[in-house]
>>> print(open('structure_24.pdb').read())   # PDB, N, CA and C atoms
ATOM      1  N   MET A 790       0.847  -1.184   0.000
ATOM      2  CA  MET A 790       0.000   0.000   0.000
ATOM      3  C   MET A 790       0.891   1.246   0.000
ATOM      4  N   ALA A 791       0.563   2.185  -0.850
ATOM      5  CA  ALA A 791       1.333   3.429  -0.960
ATOM      6  C   ALA A 791       1.015   4.357   0.202
ATOM      7  N   LYS A 792       2.026   5.084   0.628
ATOM      8  CA  LYS A 792       1.826   6.119   1.638
ATOM      9  C   LYS A 792       1.117   7.299   0.990
ATOM     10  N   ALA A 793       0.692   8.234   1.828
ATOM     11  CA  ALA A 793       0.058   9.453   1.327
ATOM     12  C   ALA A 793       0.690  10.636   2.051
ATOM     13  N   TYR A 794       0.523  11.811   1.468
ATOM     14  CA  TYR A 794       1.164  13.018   1.995
ATOM     15  C   TYR A 794       0.192  14.178   1.959
ATOM     16  N   TRP A 795       0.235  14.977   3.013
ATOM     17  CA  TRP A 795      -0.420  16.284   2.995
ATOM     18  C   TRP A 795       0.667  17.276   2.622
ATOM     19  N   VAL A 796       0.400  18.087   1.627
ATOM     20  CA  VAL A 796       1.318  19.167   1.242
ATOM     21  C   VAL A 796       0.544  20.470   1.416
ATOM     22  N   VAL A 797       0.995  21.281   2.357
ATOM     23  CA  VAL A 797       0.299  22.526   2.670
ATOM     24  C   VAL A 797       1.231  23.691   2.361
ATOM     25  N   CYS A 798       0.800  24.544   1.440
ATOM     26  CA  CYS A 798       1.575  25.735   1.080
ATOM     27  C   CYS A 798       0.754  26.963   1.453
ATOM     28  N   TYR A 799       1.332  27.783   2.282
ATOM     29  CA  TYR A 799       0.666  29.013   2.699
ATOM     30  C   TYR A 799       0.901  30.088   1.655
ATOM     31  N   ARG A 800      -0.144  30.824   1.336
ATOM     32  CA  ARG A 800      -0.031  31.952   0.410
ATOM     33  C   ARG A 800       0.143  33.259   1.182
ATOM     34  N   ASN A 801      -0.579  33.339   2.312
ATOM     35  CA  ASN A 801      -0.563  34.570   3.093
ATOM     36  C   ASN A 801      -0.990  34.246   4.519
ATOM     37  N   ILE A 802      -0.219  34.688   5.482
ATOM     38  CA  ILE A 802      -0.587  34.531   6.886
ATOM     39  C   ILE A 802      -1.109  35.884   7.356
ATOM     40  N   LYS A 803      -2.414  35.945   7.563
ATOM     41  CA  LYS A 803      -3.068  37.189   7.953
ATOM     42  C   LYS A 803      -3.025  37.422   9.448
ATOM     43  N   SER A 804      -3.060  36.337  10.226
ATOM     44  CA  SER A 804      -3.104  36.450  11.683
ATOM     45  C   SER A 804      -2.175  35.415  12.316
ATOM     46  N   PRO A 805      -0.980  35.837  12.729
ATOM     47  CA  PRO A 805      -0.081  34.899  13.405
ATOM     48  C   PRO A 805      -0.714  34.291  14.667
ATOM     49  N   GLU A 806      -1.597  35.022  15.317
ATOM     50  CA  GLU A 806      -2.263  34.513  16.510
ATOM     51  C   GLU A 806      -3.189  33.345  16.169
ATOM     52  N   LYS A 807      -3.969  33.491  15.100
ATOM     53  CA  LYS A 807      -4.859  32.402  14.681
ATOM     54  C   LYS A 807      -4.049  31.211  14.183
ATOM     55  N   LEU A 808      -2.945  31.472  13.508
ATOM     56  CA  LEU A 808      -2.086  30.379  13.053
ATOM     57  C   LEU A 808      -1.517  29.622  14.247
ATOM     58  N   ALA A 809      -1.119  30.337  15.289
ATOM     59  CA  ALA A 809      -0.589  29.692  16.497
ATOM     60  C   ALA A 809      -1.664  28.846  17.181
ATOM     61  N   ALA A 810      -2.888  29.357  17.228
ATOM     62  CA  ALA A 810      -3.993  28.603  17.827
ATOM     63  C   ALA A 810      -4.273  27.340  17.016
ATOM     64  N   TYR A 811      -4.230  27.469  15.695
ATOM     65  CA  TYR A 811      -4.399  26.312  14.807
ATOM     66  C   TYR A 811      -3.304  25.278  15.056
ATOM     67  N   ALA A 812      -2.054  25.722  15.083
ATOM     68  CA  ALA A 812      -0.915  24.808  15.250
ATOM     69  C   ALA A 812      -0.988  24.058  16.572
ATOM     70  N   LYS A 813      -1.438  24.729  17.602
ATOM     71  CA  LYS A 813      -1.548  24.106  18.928
ATOM     72  C   LYS A 813      -2.528  22.930  18.898
ATOM     73  N   LEU A 814      -3.562  23.031  18.082
ATOM     74  CA  LEU A 814      -4.560  21.966  17.962
ATOM     75  C   LEU A 814      -4.235  20.984  16.838
ATOM     76  N   ALA A 815      -3.734  21.498  15.727
ATOM     77  CA  ALA A 815      -3.513  20.656  14.546
ATOM     78  C   ALA A 815      -2.390  19.648  14.756
ATOM     79  N   GLY A 816      -1.287  20.078  15.341
ATOM     80  CA  GLY A 816      -0.156  19.172  15.532
ATOM     81  C   GLY A 816      -0.556  17.906  16.273
ATOM     82  N   PRO A 817      -1.142  18.031  17.466
ATOM     83  CA  PRO A 817      -1.574  16.834  18.184
ATOM     84  C   PRO A 817      -2.637  16.023  17.435
ATOM     85  N   ALA A 818      -3.571  16.695  16.746
ATOM     86  CA  ALA A 818      -4.610  15.976  16.005
ATOM     87  C   ALA A 818      -4.001  15.163  14.865
ATOM     88  N   ILE A 819      -3.052  15.752  14.163
ATOM     89  CA  ILE A 819      -2.389  15.063  13.050
ATOM     90  C   ILE A 819      -1.591  13.878  13.576
ATOM     91  N   GLN A 820      -0.837  14.075  14.624
ATOM     92  CA  GLN A 820      -0.025  12.991  15.175
ATOM     93  C   GLN A 820      -0.903  11.883  15.766
ATOM     94  N   ALA A 821      -1.997  12.239  16.418
ATOM     95  CA  ALA A 821      -2.904  11.240  16.978
ATOM     96  C   ALA A 821      -3.540  10.388  15.892
ATOM     97  N   ALA A 822      -3.713  10.964  14.704
ATOM     98  CA  ALA A 822      -4.316  10.242  13.580
ATOM     99  C   ALA A 822      -3.276   9.453  12.787
ATOM    100  N   GLY A 823      -2.018   9.517  13.213
ATOM    101  CA  GLY A 823      -0.984   8.727  12.543
ATOM    102  C   GLY A 823      -0.091   9.507  11.606
ATOM    103  N   GLY A 824      -0.250  10.810  11.536
ATOM    104  CA  GLY A 824       0.587  11.627  10.651
ATOM    105  C   GLY A 824       1.966  11.869  11.234
ATOM    106  N   LYS A 825       2.940  11.956  10.360
ATOM    107  CA  LYS A 825       4.331  12.220  10.759
ATOM    108  C   LYS A 825       4.800  13.444   9.979
ATOM    109  N   PHE A 826       5.262  14.467  10.685
ATOM    110  CA  PHE A 826       5.732  15.675  10.011
ATOM    111  C   PHE A 826       7.102  15.425   9.381
ATOM    112  N   LEU A 827       7.209  15.784   8.109
ATOM    113  CA  LEU A 827       8.476  15.679   7.390
ATOM    114  C   LEU A 827       9.104  17.042   7.175
ATOM    115  N   VAL A 828       8.267  18.065   6.971
ATOM    116  CA  VAL A 828       8.733  19.425   6.683
ATOM    117  C   VAL A 828       7.803  20.406   7.382
ATOM    118  N   ARG A 829       8.395  21.395   8.067
ATOM    119  CA  ARG A 829       7.618  22.504   8.633
ATOM    120  C   ARG A 829       8.532  23.719   8.651
ATOM    121  N   GLY A 830       8.175  24.739   7.892
ATOM    122  CA  GLY A 830       8.975  25.953   7.905
ATOM    123  C   GLY A 830       8.880  26.715   6.600
ATOM    124  N   THR A 831       9.761  27.700   6.459
ATOM    125  CA  THR A 831       9.791  28.490   5.226
ATOM    126  C   THR A 831      10.848  27.915   4.288
ATOM    127  N   PRO A 832      10.649  28.049   2.990
ATOM    128  CA  PRO A 832      11.593  27.492   2.022
ATOM    129  C   PRO A 832      12.983  28.125   2.145
ATOM    130  N   ALA A 833      14.004  27.324   1.915
ATOM    131  CA  ALA A 833      15.374  27.839   1.869
ATOM    132  C   ALA A 833      15.556  28.666   0.598
ATOM    133  N   LYS A 834      14.856  28.279  -0.467
ATOM    134  CA  LYS A 834      14.934  28.965  -1.758
ATOM    135  C   LYS A 834      13.675  28.623  -2.542
ATOM    136  N   THR A 835      13.151  29.574  -3.271
ATOM    137  CA  THR A 835      11.994  29.314  -4.128
ATOM    138  C   THR A 835      12.366  29.586  -5.577
ATOM    139  N   TYR A 836      11.736  28.859  -6.471
ATOM    140  CA  TYR A 836      11.971  29.013  -7.903
ATOM    141  C   TYR A 836      10.634  29.123  -8.613
ATOM    142  N   GLU A 837      10.713  29.533  -9.866
ATOM    143  CA  GLU A 837       9.549  29.683 -10.735
ATOM    144  C   GLU A 837       8.524  30.577 -10.060
ATOM    145  N   ALA A 838       7.309  30.127  -9.833
ATOM    146  CA  ALA A 838       6.288  30.986  -9.224
ATOM    147  C   ALA A 838       6.126  30.687  -7.735
ATOM    148  N   GLY A 839       7.126  30.063  -7.115
ATOM    149  CA  GLY A 839       7.049  29.697  -5.707
ATOM    150  C   GLY A 839       6.972  30.908  -4.793
ATOM    151  N   LEU A 840       6.250  30.753  -3.704
ATOM    152  CA  LEU A 840       6.123  31.801  -2.706
ATOM    153  C   LEU A 840       7.017  31.463  -1.521
ATOM    154  N   ASN A 841       7.666  32.442  -0.976
ATOM    155  CA  ASN A 841       8.510  32.240   0.190
ATOM    156  C   ASN A 841       7.639  32.317   1.442
ATOM    157  N   GLN A 842       6.772  31.332   1.575
ATOM    158  CA  GLN A 842       5.843  31.252   2.702
ATOM    159  C   GLN A 842       5.951  29.876   3.348
ATOM    160  N   ARG A 843       5.400  29.748   4.507
ATOM    161  CA  ARG A 843       5.416  28.500   5.267
ATOM    162  C   ARG A 843       4.924  27.331   4.421
ATOM    163  N   THR A 844       5.595  26.187   4.570
ATOM    164  CA  THR A 844       5.234  24.950   3.891
ATOM    165  C   THR A 844       5.285  23.822   4.909
ATOM    166  N   VAL A 845       4.293  22.932   4.864
ATOM    167  CA  VAL A 845       4.238  21.803   5.782
ATOM    168  C   VAL A 845       3.939  20.545   4.966
ATOM    169  N   VAL A 846       4.729  19.490   5.199
ATOM    170  CA  VAL A 846       4.500  18.202   4.555
ATOM    171  C   VAL A 846       4.414  17.156   5.660
ATOM    172  N   SER A 847       3.343  16.368   5.628
ATOM    173  CA  SER A 847       3.205  15.264   6.579
ATOM    174  C   SER A 847       2.968  13.969   5.816
ATOM    175  N   GLU A 848       3.420  12.886   6.410
ATOM    176  CA  GLU A 848       3.345  11.562   5.789
ATOM    177  C   GLU A 848       2.333  10.708   6.530
ATOM    178  N   TRP A 849       1.602   9.916   5.757
ATOM    179  CA  TRP A 849       0.545   9.059   6.302
ATOM    180  C   TRP A 849       0.748   7.637   5.795
ATOM    181  N   GLU A 850       0.322   6.676   6.578
ATOM    182  CA  GLU A 850       0.437   5.266   6.240
ATOM    183  C   GLU A 850      -0.331   4.910   4.967
ATOM    184  N   SER A 851      -1.448   5.596   4.731
ATOM    185  CA  SER A 851      -2.288   5.309   3.568
ATOM    186  C   SER A 851      -3.111   6.540   3.212
ATOM    187  N   LEU A 852      -3.646   6.530   2.012
ATOM    188  CA  LEU A 852      -4.532   7.607   1.570
ATOM    189  C   LEU A 852      -5.774   7.661   2.453
ATOM    190  N   GLU A 853      -6.301   6.508   2.802
ATOM    191  CA  GLU A 853      -7.506   6.457   3.631
ATOM    192  C   GLU A 853      -7.269   7.140   4.980
ATOM    193  N   LYS A 854      -6.106   6.889   5.592
ATOM    194  CA  LYS A 854      -5.809   7.512   6.885
ATOM    195  C   LYS A 854      -5.603   9.019   6.744
ATOM    196  N   ALA A 855      -5.001   9.435   5.647
ATOM    197  CA  ALA A 855      -4.792  10.868   5.418
ATOM    198  C   ALA A 855      -6.124  11.590   5.257
ATOM    199  N   LEU A 856      -7.032  10.986   4.504
ATOM    200  CA  LEU A 856      -8.347  11.599   4.300
ATOM    201  C   LEU A 856      -9.156  11.609   5.598
ATOM    202  N   ALA A 857      -9.111  10.507   6.330
ATOM    203  CA  ALA A 857      -9.854  10.425   7.591
ATOM    204  C   ALA A 857      -9.340  11.447   8.595
ATOM    205  N   ALA A 858      -8.036  11.663   8.622
ATOM    206  CA  ALA A 858      -7.465  12.639   9.559
ATOM    207  C   ALA A 858      -7.967  14.041   9.253
ATOM    208  N   HIS A 859      -8.057  14.374   7.977
ATOM    209  CA  HIS A 859      -8.543  15.705   7.606
ATOM    210  C   HIS A 859      -9.980  15.911   8.063
ATOM    211  N   ASP A 860     -10.764  14.842   8.026
ATOM    212  CA  ASP A 860     -12.176  14.940   8.378
ATOM    213  C   ASP A 860     -12.449  14.641   9.854
ATOM    214  N   SER A 861     -11.394  14.442  10.646
ATOM    215  CA  SER A 861     -11.555  14.087  12.059
ATOM    216  C   SER A 861     -12.025  15.292  12.877
ATOM    217  N   PRO A 862     -12.708  15.033  13.985
ATOM    218  CA  PRO A 862     -13.157  16.135  14.844
ATOM    219  C   PRO A 862     -12.000  17.009  15.348
ATOM    220  N   GLY A 863     -10.881  16.391  15.698
ATOM    221  CA  GLY A 863      -9.742  17.169  16.203
ATOM    222  C   GLY A 863      -9.184  18.123  15.174
ATOM    223  N   TYR A 864      -9.079  17.668  13.933
ATOM    224  CA  TYR A 864      -8.543  18.557  12.895
ATOM    225  C   TYR A 864      -9.565  19.618  12.504
ATOM    226  N   LYS A 865     -10.840  19.258  12.512
ATOM    227  CA  LYS A 865     -11.876  20.253  12.221
ATOM    228  C   LYS A 865     -11.852  21.378  13.251
ATOM    229  N   GLU A 866     -11.582  21.015  14.505
ATOM    230  CA  GLU A 866     -11.470  22.035  15.557
ATOM    231  C   GLU A 866     -10.287  22.964  15.268
ATOM    232  N   ALA A 867      -9.188  22.394  14.802
ATOM    233  CA  ALA A 867      -8.018  23.200  14.452
ATOM    234  C   ALA A 867      -8.352  24.159  13.309
ATOM    235  N   LEU A 868      -9.070  23.668  12.312
ATOM    236  CA  LEU A 868      -9.456  24.528  11.183
ATOM    237  C   LEU A 868     -10.361  25.668  11.633
ATOM    238  N   ARG A 869     -11.248  25.385  12.588
ATOM    239  CA  ARG A 869     -12.112  26.464  13.120
ATOM    240  C   ARG A 869     -11.258  27.523  13.811
ATOM    241  N   ALA A 870     -10.212  27.081  14.523
ATOM    242  CA  ALA A 870      -9.330  28.038  15.200
ATOM    243  C   ALA A 870      -8.571  28.886  14.182
ATOM    244  N   LEU A 871      -8.186  28.300  13.064
ATOM    245  CA  LEU A 871      -7.472  29.052  12.023
ATOM    246  C   LEU A 871      -8.396  30.056  11.354
ATOM    247  N   GLY A 872      -9.618  29.644  11.071
ATOM    248  CA  GLY A 872     -10.592  30.537  10.446
ATOM    249  C   GLY A 872     -10.023  31.232   9.225
ATOM    250  N   ASP A 873     -10.075  32.557   9.231
ATOM    251  CA  ASP A 873      -9.564  33.349   8.108
ATOM    252  C   ASP A 873      -8.145  33.855   8.381
ATOM    253  N   GLY A 874      -7.439  33.188   9.283
ATOM    254  CA  GLY A 874      -6.101  33.640   9.673
ATOM    255  C   GLY A 874      -5.011  33.399   8.646
ATOM    256  N   ALA A 875      -5.307  32.583   7.618
ATOM    257  CA  ALA A 875      -4.304  32.317   6.589
ATOM    258  C   ALA A 875      -4.981  31.860   5.311
ATOM    259  N   GLU A 876      -4.345  32.189   4.198
ATOM    260  CA  GLU A 876      -4.741  31.639   2.901
ATOM    261  C   GLU A 876      -3.723  30.563   2.583
ATOM    262  N   ARG A 877      -4.197  29.350   2.282
ATOM    263  CA  ARG A 877      -3.274  28.257   2.030
ATOM    264  C   ARG A 877      -3.886  27.250   1.081
ATOM    265  N   ASP A 878      -3.062  26.342   0.634
ATOM    266  CA  ASP A 878      -3.443  25.301  -0.309
ATOM    267  C   ASP A 878      -3.036  23.980   0.316
ATOM    268  N   LEU A 879      -3.995  23.098   0.599
ATOM    269  CA  LEU A 879      -3.705  21.787   1.156
ATOM    270  C   LEU A 879      -4.030  20.742   0.104
ATOM    271  N   ARG A 880      -3.043  19.940  -0.240
ATOM    272  CA  ARG A 880      -3.242  18.868  -1.220
ATOM    273  C   ARG A 880      -2.908  17.550  -0.551
ATOM    274  N   ILE A 881      -3.768  16.569  -0.729
ATOM    275  CA  ILE A 881      -3.500  15.232  -0.213
ATOM    276  C   ILE A 881      -3.159  14.372  -1.428
ATOM    277  N   ILE A 882      -1.947  13.816  -1.390
ATOM    278  CA  ILE A 882      -1.408  13.122  -2.546
ATOM    279  C   ILE A 882      -0.980  11.715  -2.162
ATOM    280  N   GLU A 883      -1.336  10.739  -2.989
ATOM    281  CA  GLU A 883      -0.888   9.380  -2.756
ATOM    282  C   GLU A 883       0.521   9.212  -3.314
ATOM    283  N   GLY A 884       1.373   8.569  -2.531
ATOM    284  CA  GLY A 884       2.745   8.350  -2.940
ATOM    285  C   GLY A 884       2.872   7.253  -3.987
ATOM    286  N   VAL A 885       4.038   7.150  -4.544
ATOM    287  CA  VAL A 885       4.348   6.124  -5.525
ATOM    288  C   VAL A 885       4.770   4.874  -4.770
ATOM    289  N   SER A 886       4.178   3.746  -5.104
ATOM    290  CA  SER A 886       4.546   2.515  -4.384
ATOM    291  C   SER A 886       5.554   1.697  -5.160
TER     292      SER A 886
END
>>> encode(input="structure_24.pdb", output="structure tokens")
Amino acid sequence: MAKAYWVVCYRNIKSPEKLAAYAKLAGPAIQAAGGKFLVRGTPAKTYEAGLNQRTVVSEWESLEKALAAHDSPGYKEALRALGDGAERDLRIIEGVS
């Protein structure tokens, strides 16, 4: 079974306070659901149309677990805390097996 990945690219952080509240809830929710953080931070270098904004990549045992984690009550609570505090793009991608 192929692993899956959440790739989150921030476009704009409007409220560092809301982002901090989100992170406080999201990190434990993601880890409790089986997610493992591979990348968290700003890019060392960007190319083409890349934005020099926060990027987060997490790894999941399977696509099913990655999707279930996104829809879990704990992660939904984190999203409510984030609200309009950031513009971002979250993609859930199945890895190559």
>>> closest_residue(input="structure_24.pdb", among="A:Glu837, A:Glu806, A:Asp873, A:Glu850", to="Ser886 (chain A)", atoms="only C-alpha atoms")
A:Glu850
>>> resolve_selection(input="structure_24.pdb", expression="the PyMOL selection byres ((chain A and resi 793) around 8)", output="list in words")
Met790, Ala791, Lys792, Tyr794, Trp795, Val796, Ser847, Glu848, Trp849, Glu850, Ser851, Leu852, Glu853, Lys854, Ala855, Leu856, Ile881, Ile882, Glu883, Gly884 and Val885 of chain A
>>> atom_distance(input="structure_24.pdb", atom1="atom N of Ser804 (chain A)", atom2="atom N of Ala875 (chain A)")
5.1 Å
>>> resolve_selection(input="structure_24.pdb", expression="the PyMOL selection byres (((chain A and resi 812-824 and name CA) around 7) and name CA)", output="CSV table (one decimal) with N, CA and C atoms, keeping the file's coordinate frame")
chain,number,residue,atom,x,y,z
A,808,LEU,N,-2.9,31.5,13.5
A,808,LEU,CA,-2.1,30.4,13.1
A,808,LEU,C,-1.5,29.6,14.2
A,809,ALA,N,-1.1,30.3,15.3
A,809,ALA,CA,-0.6,29.7,16.5
A,809,ALA,C,-1.7,28.8,17.2
A,810,ALA,N,-2.9,29.4,17.2
A,810,ALA,CA,-4.0,28.6,17.8
A,810,ALA,C,-4.3,27.3,17.0
A,811,TYR,N,-4.2,27.5,15.7
A,811,TYR,CA,-4.4,26.3,14.8
A,811,TYR,C,-3.3,25.3,15.1
A,825,LYS,N,2.9,12.0,10.4
A,825,LYS,CA,4.3,12.2,10.8
A,825,LYS,C,4.8,13.4,10.0
A,826,PHE,N,5.3,14.5,10.7
A,826,PHE,CA,5.7,15.7,10.0
A,826,PHE,C,7.1,15.4,9.4
A,847,SER,N,3.3,16.4,5.6
A,847,SER,CA,3.2,15.3,6.6
A,847,SER,C,3.0,14.0,5.8
A,848,GLU,N,3.4,12.9,6.4
A,848,GLU,CA,3.3,11.6,5.8
A,848,GLU,C,2.3,10.7,6.5
A,849,TRP,N,1.6,9.9,5.8
A,849,TRP,CA,0.5,9.1,6.3
A,849,TRP,C,0.7,7.6,5.8
A,858,ALA,N,-8.0,11.7,8.6
A,858,ALA,CA,-7.5,12.6,9.6
A,858,ALA,C,-8.0,14.0,9.3
A,863,GLY,N,-10.9,16.4,15.7
A,863,GLY,CA,-9.7,17.2,16.2
A,863,GLY,C,-9.2,18.1,15.2
A,864,TYR,N,-9.1,17.7,13.9
A,864,TYR,CA,-8.5,18.6,12.9
A,864,TYR,C,-9.6,19.6,12.5
A,867,ALA,N,-9.2,22.4,14.8
A,867,ALA,CA,-8.0,23.2,14.5
A,867,ALA,C,-8.4,24.2,13.3
>>> residues_around(input="structure_24.pdb", residues="Thr844 (chain A)", least_positions_apart="4", cutoff="7 Å", atoms="all atoms listed in the file", output="PDB file with N, CA and C atoms, keeping the file's coordinate frame")
ATOM      1  N   VAL A 796       0.400  18.087   1.627  1.00  0.00           N
ATOM      2  CA  VAL A 796       1.318  19.167   1.242  1.00  0.00           C
ATOM      3  C   VAL A 796       0.544  20.470   1.416  1.00  0.00           C
ATOM      4  N   VAL A 797       0.995  21.281   2.357  1.00  0.00           N
ATOM      5  CA  VAL A 797       0.299  22.526   2.670  1.00  0.00           C
ATOM      6  C   VAL A 797       1.231  23.691   2.361  1.00  0.00           C
ATOM      7  N   CYS A 798       0.800  24.544   1.440  1.00  0.00           N
ATOM      8  CA  CYS A 798       1.575  25.735   1.080  1.00  0.00           C
ATOM      9  C   CYS A 798       0.754  26.963   1.453  1.00  0.00           C
ATOM     10  N   TYR A 799       1.332  27.783   2.282  1.00  0.00           N
ATOM     11  CA  TYR A 799       0.666  29.013   2.699  1.00  0.00           C
ATOM     12  C   TYR A 799       0.901  30.088   1.655  1.00  0.00           C
ATOM     13  N   VAL A 828       8.267  18.065   6.971  1.00  0.00           N
ATOM     14  CA  VAL A 828       8.733  19.425   6.683  1.00  0.00           C
ATOM     15  C   VAL A 828       7.803  20.406   7.382  1.00  0.00           C
ATOM     16  N   ARG A 829       8.395  21.395   8.067  1.00  0.00           N
ATOM     17  CA  ARG A 829       7.618  22.504   8.633  1.00  0.00           C
ATOM     18  C   ARG A 829       8.532  23.719   8.651  1.00  0.00           C
ATOM     19  N   GLY A 830       8.175  24.739   7.892  1.00  0.00           N
ATOM     20  CA  GLY A 830       8.975  25.953   7.905  1.00  0.00           C
ATOM     21  C   GLY A 830       8.880  26.715   6.600  1.00  0.00           C
ATOM     22  N   THR A 831       9.761  27.700   6.459  1.00  0.00           N
ATOM     23  CA  THR A 831       9.791  28.490   5.226  1.00  0.00           C
ATOM     24  C   THR A 831      10.848  27.915   4.288  1.00  0.00           C
ATOM     25  N   PRO A 832      10.649  28.049   2.990  1.00  0.00           N
ATOM     26  CA  PRO A 832      11.593  27.492   2.022  1.00  0.00           C
ATOM     27  C   PRO A 832      12.983  28.125   2.145  1.00  0.00           C
TER      28      PRO A 832
END
>>> atom_distance(input="structure_24.pdb", atom1="CA of Glu876 (chain A)", atom2="CA of Ile802 (chain A)")
6.4 Å
>>> atom_distance(input="structure_24.pdb", atom1="atom N of Val846 (chain A)", atom2="atom C of Arg880 (chain A)")
9.8 Å
